[in-house]
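S.K.: Before I ask anything, let me first share the structure, which is written out below as structure tokens.
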Amino acid sequence: MAETRKILLSVNGARCEAEVDVRFTLGDVLRHQLGLTGTHLGCEHGVCGACTILFDGRSARSCLMLAVQAHGHEITTVEGLAPSPDRLSPLQQAFAKHHGLQCGFCTPGMLTTLTELLRDNPSPSEAEIRIAISGNLCRCTGYQGIVDAVLDAAAAIKAGA
């Protein structure tokens, strides 16, 4: 019989309570118990970055973290990045404008990673952007559209968008 624990956490600003199997990763619980399927599970070894979420404001691989470790913490998934249901964040808008996504599999991890970057460094250089996304794999874009999107989003945020 599986051992379970009750966890309490804040997900995208909402308080959540879940009974989780102690063996389940945070990524599994986000997707399968909480229905937040924007967090993608790719390699499940922490290499690809598709499962990246913000854990207390810092990027973290949800495939490498047990759900019970998230008890009492604040989680932001890609679903929580937009300021409202009818408006995307400047970074999300720039991704669409600059074709920073193609198949979309890496996009949630890229967006969460880059949200942290822009919060901590509102004017990143192209080199700093490339370093920030070096832990996120993308097989479709060649990364240039992503870099262009971040530079555009940084300018839009600075201009008050």
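Identifiers for the structure tokens are assigned positionally: chains receive A, B, ... in sequence, residues are indexed from 1 per chain, and ligands are indexed from 1 in the order shown.
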Please return, as a ChimeraX atom specification, all residues of region 22-140 of chain A that DSSP assigns to helix (DSSP H, G or I) on the basis of the backbone.
M.R.: /A:26-33,67-70,78-80,90-97,107-120,126-132
S.K.: Applying 9 Å and only C-alpha atoms, which residues near region 80-89 of chain A remain after dropping the ones on its own chain fewer than 6 positions away? List them as a PDB file with N, CA, C and O atoms, in the first residue's frame.
M.R.:
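part_15.pdb written:
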ATOM      1  N   VAL A  11      -0.255  27.591  -5.114  1.00  0.00           N
ATOM      2  CA  VAL A  11       0.057  27.378  -6.524  1.00  0.00           C
ATOM      3  C   VAL A  11      -0.589  28.499  -7.328  1.00  0.00           C
ATOM      4  O   VAL A  11      -1.811  28.649  -7.317  1.00  0.00           O
ATOM      5  N   ASN A  12       0.236  29.275  -7.982  1.00  0.00           N
ATOM      6  CA  ASN A  12      -0.231  30.409  -8.783  1.00  0.00           C
ATOM      7  C   ASN A  12      -1.121  31.340  -7.975  1.00  0.00           C
ATOM      8  O   ASN A  12      -2.129  31.848  -8.452  1.00  0.00           O
ATOM      9  N   GLY A  13      -0.745  31.520  -6.718  1.00  0.00           N
ATOM     10  CA  GLY A  13      -1.455  32.443  -5.839  1.00  0.00           C
ATOM     11  C   GLY A  13      -2.653  31.862  -5.119  1.00  0.00           C
ATOM     12  O   GLY A  13      -3.268  32.542  -4.300  1.00  0.00           O
ATOM     13  N   LEU A 111       9.729  30.014 -20.242  1.00  0.00           N
ATOM     14  CA  LEU A 111       9.032  31.185 -19.707  1.00  0.00           C
ATOM     15  C   LEU A 111       9.254  31.359 -18.207  1.00  0.00           C
ATOM     16  O   LEU A 111       9.465  32.482 -17.745  1.00  0.00           O
ATOM     17  N   THR A 112       9.217  30.274 -17.449  1.00  0.00           N
ATOM     18  CA  THR A 112       9.431  30.413 -16.008  1.00  0.00           C
ATOM     19  C   THR A 112      10.876  30.803 -15.717  1.00  0.00           C
ATOM     20  O   THR A 112      11.129  31.689 -14.887  1.00  0.00           O
ATOM     21  N   THR A 115      11.262  34.446 -16.734  1.00  0.00           N
ATOM     22  CA  THR A 115      10.543  35.340 -15.822  1.00  0.00           C
ATOM     23  C   THR A 115      11.430  35.670 -14.633  1.00  0.00           C
ATOM     24  O   THR A 115      11.528  36.822 -14.209  1.00  0.00           O
ATOM     25  N   ALA A 153      10.872  41.859 -24.587  1.00  0.00           N
ATOM     26  CA  ALA A 153      10.084  41.905 -23.345  1.00  0.00           C
ATOM     27  C   ALA A 153      10.740  42.831 -22.323  1.00  0.00           C
ATOM     28  O   ALA A 153      10.045  43.594 -21.648  1.00  0.00           O
ATOM     29  N   ALA A 161       4.923  48.464 -20.182  1.00  0.00           N
ATOM     30  CA  ALA A 161       3.893  47.611 -20.806  1.00  0.00           C
ATOM     31  C   ALA A 161       3.359  46.580 -19.858  1.00  0.00           C
ATOM     32  O   ALA A 161       3.909  46.209 -18.883  1.00  0.00           O
TER      33      ALA A 161
END
S.K.: Looking at A:Ala156, A:Ala70, A:Val22, A:Leu30, which one is nearest to Ala94 (chain A), with distances taken over only C-alpha atoms?
M.R.: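 Smallest distance to Ala94 (chain A) is found for A:Ala156.
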S.K.: When you look at region 121-136 of chain A with a cut-off of 9 Å (counting only C-alpha atoms), what residues show up, excluding the ones that are within fewer than 3 positions of it in the same chain? I need them as a list of chain:residue names.
M.R.: A:Gly46, A:Val47, A:Cys48, A:Gly49, A:Ala50, A:Thr52, A:Cys106, A:Gly109, A:Met110, A:Thr113, A:Leu114, A:Glu116, A:Leu117, A:Leu118, A:Tyr143, A:Ile146, A:Val147, A:Asp148, A:Val150, A:Leu151, A:Ala154, A:Ala155, A:Ile157, A:Lys158
S.K.: Given the choices A:Thr25, A:Gln33, A:Ser59, A:Thr141, which gets closest to Gly104 (chain A) if the distance is worked out from only C-alpha atoms?
M.R.: A:Thr141
S.K.: One decimal, Å: what's the distance from CA of Arg139 (chain A) over to CA of Leu34 (chain A), could you say?
M.R.: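 According to the coordinates, CA of Arg139 (chain A) and CA of Leu34 (chain A) are separated by 28.1 Å.
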S.K.: Contacts of region 96-100 of chain A at 6 Å or less, counting only C-alpha atoms, minus same-chain residues fewer than 3 places along, as a compact mmCIF listing (two decimals) with C-alpha atoms, in the first residue's frame?
M.R.:
# COMPACT_ATOMS: atom_id res chain seq x y z
CA GLN A 93 3.56 38.36 -25.83
CA GLY A 145 13.76 33.84 -31.45
CA ILE A 146 13.79 33.21 -27.71
CA ALA A 149 11.75 37.79 -27.37
S.K.: Quick check for you: according to DSSP on this backbone, which residues of chain A are classed as strand (DSSP E or B)? Reply as a PyMOL selection string.
M.R.: chain A and resi 4-11+14-21+25+52-55+58-61+66+74-76+84+87
S.K.: Find, counting only C-alpha atoms, the residue in A:His32, A:Gln102, A:His73, A:Leu26 that gets nearest to Cys51 (chain A).
M.R.: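 Among A:His32, A:Gln102, A:His73, A:Leu26, it is A:Leu26 that comes nearest to Cys51 (chain A).
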